file final37.cif (mmCIF, C-alpha atoms)
data_data
#
loop_
_atom_site.label_atom_id
_atom_site.label_comp_id
_atom_site.auth_asym_id
_atom_site.auth_seq_id
_atom_site.Cartn_x
_atom_site.Cartn_y
_atom_site.Cartn_z
CA MET P 1 6.87 32.97 -2.95
CA THR P 2 8.40 29.52 -3.42
CA GLU P 3 8.43 28.46 -7.05
CA ASN P 4 5.70 25.95 -7.97
CA VAL P 5 6.75 22.31 -8.28
CA GLN P 6 5.29 19.77 -10.70
CA ILE P 7 6.42 16.18 -10.74
CA THR P 8 5.29 13.19 -12.76
CA LEU P 9 5.76 9.79 -11.20
CA PRO P 10 5.23 6.18 -12.26
CA SER P 11 2.48 4.16 -10.58
CA ARG P 12 4.57 2.27 -8.08
CA ILE P 13 4.88 2.35 -4.30
CA GLU P 14 8.32 4.01 -4.38
CA SER P 15 6.62 7.08 -5.87
CA VAL P 16 4.96 7.72 -2.51
CA ASP P 17 8.32 8.39 -0.82
CA GLU P 18 9.49 10.44 -3.79
CA ALA P 19 6.40 12.67 -3.72
CA ALA P 20 6.55 13.06 0.07
CA ALA P 21 10.23 14.06 -0.08
CA ALA P 22 9.45 16.71 -2.72
CA ALA P 23 6.52 18.00 -0.66
CA GLU P 24 8.61 18.18 2.51
CA LEU P 25 11.34 20.12 0.72
CA PHE P 26 8.74 22.46 -0.79
CA ALA P 27 7.11 23.07 2.58
CA LYS P 28 10.46 23.75 4.24
CA ASP P 29 11.44 26.18 1.47
CA ALA P 30 8.11 27.95 2.01
CA GLY P 31 9.08 28.38 5.67
CA LEU P 32 6.18 26.38 7.09
CA ALA P 33 6.07 25.22 10.71
CA ASP P 34 6.87 21.60 11.57
CA ASP P 35 3.22 20.71 12.23
CA MET P 36 2.23 21.97 8.78
CA ILE P 37 5.12 20.12 7.16
CA PHE P 38 3.95 16.90 8.86
CA ALA P 39 0.38 17.48 7.64
CA ILE P 40 1.45 18.13 4.06
CA ASP P 41 3.83 15.17 4.03
CA LEU P 42 1.10 12.83 5.31
CA ALA P 43 -1.57 14.17 2.93
CA VAL P 44 0.77 13.80 -0.07
CA ARG P 45 1.69 10.25 1.01
CA GLU P 46 -1.95 9.22 1.36
CA SER P 47 -3.13 10.86 -1.86
CA VAL P 48 -0.26 9.51 -3.97
CA ALA P 49 -0.70 6.03 -2.45
CA ASN P 50 -4.42 6.20 -3.39
CA ALA P 51 -3.55 7.35 -6.93
CA VAL P 52 -1.04 4.50 -7.39
CA LYS P 53 -3.17 1.76 -5.79
CA HIS P 54 -6.81 2.65 -6.37
CA GLY P 55 -6.57 5.11 -9.27
CA ASN P 56 -3.97 3.73 -11.63
CA LYS P 57 -4.04 0.25 -10.04
CA PHE P 58 -0.24 -0.08 -10.22
CA ASP P 59 -0.29 0.32 -14.03
CA GLU P 60 3.14 1.88 -14.59
CA SER P 61 2.09 3.14 -18.01
CA LYS P 62 -0.21 5.55 -16.16
CA ALA P 63 1.39 8.53 -14.43
CA VAL P 64 0.67 10.21 -11.14
CA GLU P 65 1.05 13.97 -11.38
CA VAL P 66 1.73 16.05 -8.30
CA SER P 67 1.74 19.82 -8.17
CA LEU P 68 2.71 21.96 -5.21
CA ALA P 69 1.96 25.67 -5.13
CA GLU P 70 2.24 28.42 -2.57
CA THR P 71 -0.92 30.54 -2.40
CA ALA P 72 -1.82 33.73 -0.56
CA GLU P 73 -3.35 31.58 2.21
CA GLY P 74 -0.83 28.76 2.38
CA ILE P 75 -0.13 25.71 0.23
CA GLU P 76 -2.20 24.00 -2.46
CA ILE P 77 -1.49 20.43 -3.53
CA LYS P 78 -2.99 18.62 -6.50
CA VAL P 79 -2.56 14.91 -7.16
CA ARG P 80 -3.91 13.48 -10.41
CA ASP P 81 -4.25 9.89 -11.51
CA TYR P 82 -5.49 8.36 -14.78
CA GLY P 83 -7.81 5.77 -13.30
CA SER P 84 -11.56 5.33 -13.52
CA GLY P 85 -12.30 7.49 -10.50
CA PHE P 86 -14.20 6.89 -7.30
CA ARG P 87 -16.72 8.59 -5.07
CA PRO P 88 -15.25 9.48 -1.67
CA GLU P 89 -18.70 9.16 -0.14
CA ASP P 90 -18.66 5.45 -1.06
CA ILE P 91 -15.68 4.82 1.25
CA PRO P 92 -16.92 3.37 4.56
CA ASP P 93 -16.21 5.43 7.67
CA PRO P 94 -13.15 3.71 9.21
CA THR P 95 -14.13 4.98 12.67
CA ASP P 96 -17.45 3.09 12.66
CA ARG P 97 -17.28 0.24 15.14
CA GLU P 98 -17.71 -2.43 12.45
CA ASN P 99 -14.77 -1.00 10.46
CA LEU P 100 -12.27 -0.41 13.28
CA LEU P 101 -10.37 -3.65 12.69
CA LYS P 102 -10.15 -3.32 8.92
CA ALA P 103 -6.61 -3.04 7.59
CA ASN P 104 -7.42 -0.37 4.99
CA GLY P 105 -9.53 2.70 4.41
CA ARG P 106 -7.97 5.36 6.67
CA GLY P 107 -6.06 7.43 4.09
CA ILE P 108 -8.94 9.76 3.20
CA LEU P 109 -9.67 10.28 6.90
CA PHE P 110 -6.05 11.41 7.41
CA MET P 111 -6.18 13.72 4.39
CA ARG P 112 -9.37 15.33 5.68
CA SER P 113 -8.09 15.50 9.26
CA PHE P 114 -4.77 17.17 8.48
CA MET P 115 -5.66 19.45 5.56
CA ASP P 116 -8.05 22.41 5.66
CA GLU P 117 -9.71 21.62 2.33
CA VAL P 118 -9.87 18.38 0.33
CA GLU P 119 -11.84 18.07 -2.89
CA TRP P 120 -12.05 15.43 -5.61
CA THR P 121 -12.91 16.33 -9.20
CA ASN P 122 -12.97 14.43 -12.48
CA ALA P 123 -10.07 15.52 -14.65
CA ASP P 124 -10.42 16.57 -18.29
CA GLY P 125 -9.27 13.59 -20.31
CA GLY P 126 -10.03 11.07 -17.58
CA GLY P 127 -8.76 10.30 -14.13
CA LEU P 128 -9.26 12.01 -10.83
CA VAL P 129 -7.71 15.09 -9.26
CA VAL P 130 -7.60 15.59 -5.53
CA THR P 131 -6.98 19.20 -4.54
CA MET P 132 -5.88 19.88 -0.98
CA ALA P 133 -5.20 23.17 0.75
CA LYS P 134 -3.40 23.89 3.98
CA LYS P 135 -3.67 27.38 5.42
CA ARG P 136 -0.86 29.05 7.30
CA MET A 1 19.21 2.42 4.30
CA ALA A 2 16.25 0.32 5.40
CA ASP A 3 13.09 2.20 6.34
CA ILE A 4 12.84 0.28 9.58
CA THR A 5 14.84 -1.94 11.90
CA ILE A 6 12.96 -4.38 14.14
CA THR A 7 14.83 -5.88 17.07
CA GLU A 8 13.42 -8.71 19.18
CA ARG A 9 13.91 -9.01 22.94
CA GLN A 10 12.45 -11.46 25.41
CA ALA A 11 11.21 -10.49 28.90
CA GLY A 12 9.93 -13.66 30.53
CA ASP A 13 7.21 -14.96 28.22
CA VAL A 14 6.65 -11.56 26.60
CA THR A 15 8.30 -10.83 23.27
CA ILE A 16 9.21 -7.19 22.79
CA LEU A 17 9.71 -5.86 19.29
CA ASP A 18 11.62 -2.57 19.24
CA LEU A 19 10.78 -0.69 16.05
CA ASP A 20 13.17 1.98 14.82
CA GLY A 21 12.33 3.93 11.67
CA LYS A 22 9.26 4.45 9.51
CA VAL A 23 6.18 2.24 9.31
CA THR A 24 4.86 3.39 5.96
CA ILE A 25 3.48 1.86 2.79
CA GLY A 26 5.97 -0.57 1.25
CA GLU A 27 9.06 -1.66 3.12
CA GLY A 28 8.13 -0.56 6.66
CA SER A 29 4.70 -2.19 6.67
CA VAL A 30 6.02 -5.36 5.02
CA ALA A 31 8.82 -5.63 7.59
CA LEU A 32 6.36 -5.36 10.49
CA ARG A 33 4.09 -8.00 8.93
CA GLY A 34 7.07 -10.32 8.48
CA ALA A 35 8.25 -9.86 12.07
CA ILE A 36 4.79 -10.58 13.49
CA ARG A 37 4.38 -13.71 11.34
CA ARG A 38 7.83 -14.94 12.36
CA VAL A 39 7.29 -14.62 16.12
CA LEU A 40 3.79 -16.08 15.88
CA GLY A 41 5.29 -18.96 13.91
CA GLU A 42 7.68 -19.54 16.81
CA GLY A 43 4.68 -19.85 19.14
CA LYS A 44 5.24 -16.48 20.81
CA THR A 45 1.85 -14.92 21.41
CA LYS A 46 2.44 -12.28 24.08
CA LEU A 47 3.76 -9.36 22.09
CA LEU A 48 4.70 -5.81 23.01
CA LEU A 49 5.44 -3.39 20.18
CA ASN A 50 7.77 -0.58 21.27
CA LEU A 51 7.01 2.36 18.95
CA GLY A 52 9.17 4.91 20.78
CA HIS A 53 11.59 5.22 17.87
CA VAL A 54 9.01 5.17 15.09
CA GLY A 55 9.48 8.60 13.58
CA TYR A 56 6.73 8.28 11.03
CA ILE A 57 3.66 6.18 10.33
CA ASP A 58 0.99 6.48 7.62
CA SER A 59 -2.42 4.86 7.10
CA SER A 60 -0.73 1.75 5.72
CA GLY A 61 1.38 1.48 8.88
CA ILE A 62 -1.68 2.02 11.09
CA GLY A 63 -3.43 -0.68 9.06
CA GLU A 64 -0.49 -3.00 9.67
CA LEU A 65 -0.75 -2.41 13.44
CA VAL A 66 -4.43 -3.41 13.20
CA SER A 67 -3.59 -6.49 11.10
CA SER A 68 -0.92 -7.45 13.65
CA PHE A 69 -3.45 -7.05 16.47
CA THR A 70 -6.00 -9.29 14.75
CA ALA A 71 -3.37 -11.88 13.71
CA VAL A 72 -2.14 -12.20 17.31
CA ASN A 73 -5.72 -12.37 18.66
CA LYS A 74 -6.50 -15.14 16.19
CA GLU A 75 -3.67 -17.18 17.72
CA GLY A 76 -5.13 -16.62 21.18
CA GLY A 77 -2.44 -14.12 22.05
CA THR A 78 -2.20 -10.49 23.06
CA LEU A 79 -0.54 -7.54 21.36
CA LYS A 80 0.04 -4.30 23.26
CA LEU A 81 1.70 -1.02 22.35
CA LEU A 82 4.46 0.81 24.19
CA ASN A 83 5.85 4.36 23.98
CA LEU A 84 3.60 6.02 21.44
CA THR A 85 5.01 9.23 20.04
CA GLU A 86 2.70 12.24 20.09
CA LYS A 87 2.07 11.91 16.34
CA ILE A 88 1.19 8.21 16.55
CA GLN A 89 -1.05 8.94 19.51
CA ASP A 90 -2.82 11.60 17.41
CA LEU A 91 -3.31 9.21 14.48
CA LEU A 92 -4.66 6.45 16.75
CA ALA A 93 -7.02 8.97 18.35
CA ILE A 94 -8.32 10.19 14.95
CA THR A 95 -8.95 6.61 13.86
CA LYS A 96 -10.51 5.73 17.26
CA LEU A 97 -7.98 2.92 17.60
CA LEU A 98 -6.97 4.06 21.07
CA THR A 99 -10.18 2.29 22.09
CA VAL A 100 -8.84 -0.94 20.55
CA PHE A 101 -5.19 -1.06 21.60
CA ASP A 102 -3.85 -1.48 25.11
CA VAL A 103 -1.23 1.29 25.32
CA TYR A 104 1.55 1.83 27.88
CA GLU A 105 4.10 4.57 28.48
CA ASN A 106 6.33 2.46 30.69
CA GLU A 107 7.84 -0.91 29.82
CA ALA A 108 7.63 -2.32 33.35
CA ASP A 109 3.92 -1.48 33.55
CA ALA A 110 3.34 -3.01 30.13
CA LEU A 111 5.12 -6.25 31.06
CA ALA A 112 3.22 -6.49 34.35
CA SER A 113 -0.09 -6.22 32.46
CA PHE A 114 0.34 -9.50 30.52
#

call {"tool": "encode", "arguments": {"input": "final37.cif", "output": "structure tokens"}}
result
Amino acid sequence: MTENVQITLPSRIESVDEAAAAAELFAKDAGLADDMIFAIDLAVRESVANAVKHGNKFDESKAVEVSLAETAEGIEIKVRDYGSGFRPEDIPDPTDRENLLKANGRGILFMRSFMDEVEWTNADGGGLVVTMAKKR
Amino acid sequence: MADITITERQAGDVTILDLDGKVTIGEGSVALRGAIRRVLGEGKTKLLLNLGHVGYIDSSGIGELVSSFTAVNKEGGTLKLLNLTEKIQDLLAITKLLTVFDVYENEADALASF
């Protein structure tokens, strides 16, 4: 099994690339296929971008924590922010006709489309954790 | 190294922007926005975005394609897409944006469509 990875990043856009690079390396070390590596990379990008923008609202005093773990079924990713949280069901469906030409709001759709499981929970001590699983 | 390089070519009255690199949150999306604003500012409103060498795009990049599309439409122009990679095609299908964009696999066909 590949050793678990935990990284703590500041709330800035550059952290998205940093987290994605770590996830890609982790997925390659775990011997995953290219399609799975793409899915994990994209899901980490979208979730970290959400944590930086919508969770911590670019407040660099608040961290984004990313953990990557190999499980019996595949890979589990957790991304935590220290923001005030949100309800995924409140996000409008970007594929509805009236939302098609909006510039934002597709990140959660990509996370759900490319990962097998995506779940949001309130973290102890505040903030939100998104837990995502990708099966082999 | 920059995330993306955008090169402009002219084919008659159609402006082709060849994108090479990543269109992701931050530099890549900002560069695309800047390029679209610049050509629109020069009065060029028939635009073809060649995405054949875009190795990666995220939701921010997809959003920037949509913003580009609406910005060009607002100026009375047309923006079309050329040479989608399989991954970009997948992402546009998931977001139902293949129903919005005019997409071509061949540059000559794309140019003839304007």

call {"tool": "interface_residues", "arguments": {"input": "final37.cif", "of": "chain A", "to": "chain P", "cutoff": "8 Å", "atoms": "all atoms listed in the file", "output": "list of chain:residue names"}}
result
A:Ile25, A:Gly26, A:Asp58, A:Ser59, A:Ser60, A:Ile62, A:Gly63, A:Glu64, A:Val66, A:Ser67, A:Thr70, A:Leu91, A:Ile94, A:Thr95, A:Lys96, A:Leu97

call {"tool": "residues_near_point", "arguments": {"input": "final37.cif", "point": "(5.3, 1.1, 28.9)", "cutoff": "12 Å", "atoms": "all atoms listed in the file", "output": "NGL selection string"}}
result
:A and (16 or 48-52 or 80-84 or 102-114)

call {"tool": "resolve_selection", "arguments": {"input": "final37.cif", "expression": "the PyMOL selection byres ((chain A and resi 15) around 9)", "output": "number ranges by chain"}}
result
A: 8-14, 16-17, 39, 44-49

call {"tool": "atom_distance", "arguments": {"input": "final37.cif", "atom1": "CA of Asp18 in chain A", "atom2": "CA of Glu75 in chain A"}}
result
21.2 Å

call {"tool": "residues_around", "arguments": {"input": "final37.cif", "residues": "range 121-126 of chain P", "least_positions_apart": "5", "cutoff": "8 Å", "atoms": "all atoms listed in the file", "output": "ChimeraX atom specification"}}
result
/P:80,82-85

call {"tool": "resolve_selection", "arguments": {"input": "final37.cif", "expression": "the PyMOL selection byres ((chain P and resi 59) around 12)", "output": "MDAnalysis selection string"}}
result
chainID P and resid 9:13 51:58 60:64 81:83

call {"tool": "resolve_selection", "arguments": {"input": "final37.cif", "expression": "the PyMOL selection byres ((chain P and resi 36) around 9)", "output": "PyMOL selection string"}}
result
chain P and resi 27+32-35+37-41+114-115+134-136

call {"tool": "atom_distance", "arguments": {"input": "final37.cif", "atom1": "CA of Ile36 in chain A", "atom2": "CA of Ile91 in chain P"}}
result
28.4 Å

call {"tool": "closest_residue", "arguments": {"input": "final37.cif", "among": "P:Asp29, P:Glu18, P:Glu24, P:Asp116", "to": "Glu73 in chain P", "atoms": "all atoms listed in the file"}}
result
P:Asp116

call {"tool": "axis_aligned_box", "arguments": {"input": "final37.cif", "around": "range 44-52 of chain A", "padding_each_side": "6 Å", "output": "lines of an AutoDock Vina configuration file"}}
result
center_x = 5.5
center_y = -5.8
center_z = 21.5
size_x = 19.3
size_y = 33.4
size_z = 17.1

call {"tool": "closest_residue", "arguments": {"input": "final37.cif", "among": "A:Gly41, A:Gly61, A:Thr7, A:Lys74", "to": "Glu27 in chain A", "atoms": "all atoms listed in the file"}}
result
A:Gly61

call {"tool": "build_atoms", "arguments": {"input": "final37.cif", "residues": "range 71-93 of chain A", "atoms": "N, CA and C atoms", "output": "PDB file, in the coordinates of the input"}}
result
ATOM      1  N   ALA A  71      -4.100 -10.617  13.932  1.00  0.00           N
ATOM      2  CA  ALA A  71      -3.370 -11.880  13.710  1.00  0.00           C
ATOM      3  C   ALA A  71      -2.982 -12.510  15.055  1.00  0.00           C
ATOM      4  N   VAL A  72      -2.546 -11.684  15.995  1.00  0.00           N
ATOM      5  CA  VAL A  72      -2.140 -12.200  17.310  1.00  0.00           C
ATOM      6  C   VAL A  72      -3.379 -12.698  18.075  1.00  0.00           C
ATOM      7  N   ASN A  73      -4.470 -11.937  18.003  1.00  0.00           N
ATOM      8  CA  ASN A  73      -5.720 -12.370  18.660  1.00  0.00           C
ATOM      9  C   ASN A  73      -6.181 -13.721  18.144  1.00  0.00           C
ATOM     10  N   LYS A  74      -6.052 -13.902  16.818  1.00  0.00           N
ATOM     11  CA  LYS A  74      -6.500 -15.140  16.190  1.00  0.00           C
ATOM     12  C   LYS A  74      -5.735 -16.348  16.732  1.00  0.00           C
ATOM     13  N   GLU A  75      -4.488 -16.094  17.144  1.00  0.00           N
ATOM     14  CA  GLU A  75      -3.670 -17.180  17.720  1.00  0.00           C
ATOM     15  C   GLU A  75      -3.883 -17.300  19.231  1.00  0.00           C
ATOM     16  N   GLY A  76      -4.853 -16.576  19.747  1.00  0.00           N
ATOM     17  CA  GLY A  76      -5.130 -16.620  21.180  1.00  0.00           C
ATOM     18  C   GLY A  76      -4.172 -15.795  22.002  1.00  0.00           C
ATOM     19  N   GLY A  77      -3.440 -14.917  21.349  1.00  0.00           N
ATOM     20  CA  GLY A  77      -2.440 -14.120  22.050  1.00  0.00           C
ATOM     21  C   GLY A  77      -2.893 -12.703  22.309  1.00  0.00           C
ATOM     22  N   THR A  78      -1.930 -11.883  22.723  1.00  0.00           N
ATOM     23  CA  THR A  78      -2.200 -10.490  23.060  1.00  0.00           C
ATOM     24  C   THR A  78      -1.109  -9.611  22.480  1.00  0.00           C
ATOM     25  N   LEU A  79      -1.501  -8.514  21.859  1.00  0.00           N
ATOM     26  CA  LEU A  79      -0.540  -7.540  21.360  1.00  0.00           C
ATOM     27  C   LEU A  79      -0.830  -6.194  22.007  1.00  0.00           C
ATOM     28  N   LYS A  80       0.204  -5.601  22.610  1.00  0.00           N
ATOM     29  CA  LYS A  80       0.040  -4.300  23.260  1.00  0.00           C
ATOM     30  C   LYS A  80       1.075  -3.331  22.697  1.00  0.00           C
ATOM     31  N   LEU A  81       0.815  -2.051  22.888  1.00  0.00           N
ATOM     32  CA  LEU A  81       1.700  -1.020  22.350  1.00  0.00           C
ATOM     33  C   LEU A  81       2.390  -0.259  23.473  1.00  0.00           C
ATOM     34  N   LEU A  82       3.643   0.101  23.201  1.00  0.00           N
ATOM     35  CA  LEU A  82       4.460   0.810  24.190  1.00  0.00           C
ATOM     36  C   LEU A  82       5.056   2.063  23.564  1.00  0.00           C
ATOM     37  N   ASN A  83       5.131   3.130  24.353  1.00  0.00           N
ATOM     38  CA  ASN A  83       5.850   4.360  23.980  1.00  0.00           C
ATOM     39  C   ASN A  83       5.373   4.981  22.667  1.00  0.00           C
ATOM     40  N   LEU A  84       4.101   5.334  22.632  1.00  0.00           N
ATOM     41  CA  LEU A  84       3.600   6.020  21.440  1.00  0.00           C
ATOM     42  C   LEU A  84       4.179   7.424  21.381  1.00  0.00           C
ATOM     43  N   THR A  85       4.630   7.832  20.203  1.00  0.00           N
ATOM     44  CA  THR A  85       5.010   9.230  20.040  1.00  0.00           C
ATOM     45  C   THR A  85       3.724  10.053  19.973  1.00  0.00           C
ATOM     46  N   GLU A  86       3.877  11.368  20.106  1.00  0.00           N
ATOM     47  CA  GLU A  86       2.700  12.240  20.090  1.00  0.00           C
ATOM     48  C   GLU A  86       1.949  12.089  18.758  1.00  0.00           C
ATOM     49  N   LYS A  87       2.695  12.001  17.667  1.00  0.00           N
ATOM     50  CA  LYS A  87       2.070  11.910  16.340  1.00  0.00           C
ATOM     51  C   LYS A  87       1.293  10.592  16.200  1.00  0.00           C
ATOM     52  N   ILE A  88       1.892   9.498  16.656  1.00  0.00           N
ATOM     53  CA  ILE A  88       1.190   8.210  16.550  1.00  0.00           C
ATOM     54  C   ILE A  88      -0.055   8.219  17.430  1.00  0.00           C
ATOM     55  N   GLN A  89       0.095   8.816  18.607  1.00  0.00           N
ATOM     56  CA  GLN A  89      -1.050   8.940  19.510  1.00  0.00           C
ATOM     57  C   GLN A  89      -2.183   9.714  18.811  1.00  0.00           C
ATOM     58  N   ASP A  90      -1.826  10.801  18.136  1.00  0.00           N
ATOM     59  CA  ASP A  90      -2.820  11.600  17.410  1.00  0.00           C
ATOM     60  C   ASP A  90      -3.530  10.751  16.349  1.00  0.00           C
ATOM     61  N   LEU A  91      -2.728   9.992  15.583  1.00  0.00           N
ATOM     62  CA  LEU A  91      -3.310   9.210  14.480  1.00  0.00           C
ATOM     63  C   LEU A  91      -4.215   8.100  15.030  1.00  0.00           C
ATOM     64  N   LEU A  92      -3.809   7.495  16.145  1.00  0.00           N
ATOM     65  CA  LEU A  92      -4.660   6.450  16.750  1.00  0.00           C
ATOM     66  C   LEU A  92      -5.932   7.056  17.336  1.00  0.00           C
ATOM     67  N   ALA A  93      -5.832   8.298  17.811  1.00  0.00           N
ATOM     68  CA  ALA A  93      -7.020   8.970  18.350  1.00  0.00           C
ATOM     69  C   ALA A  93      -7.987   9.291  17.201  1.00  0.00           C
TER      70      ALA A  93
END
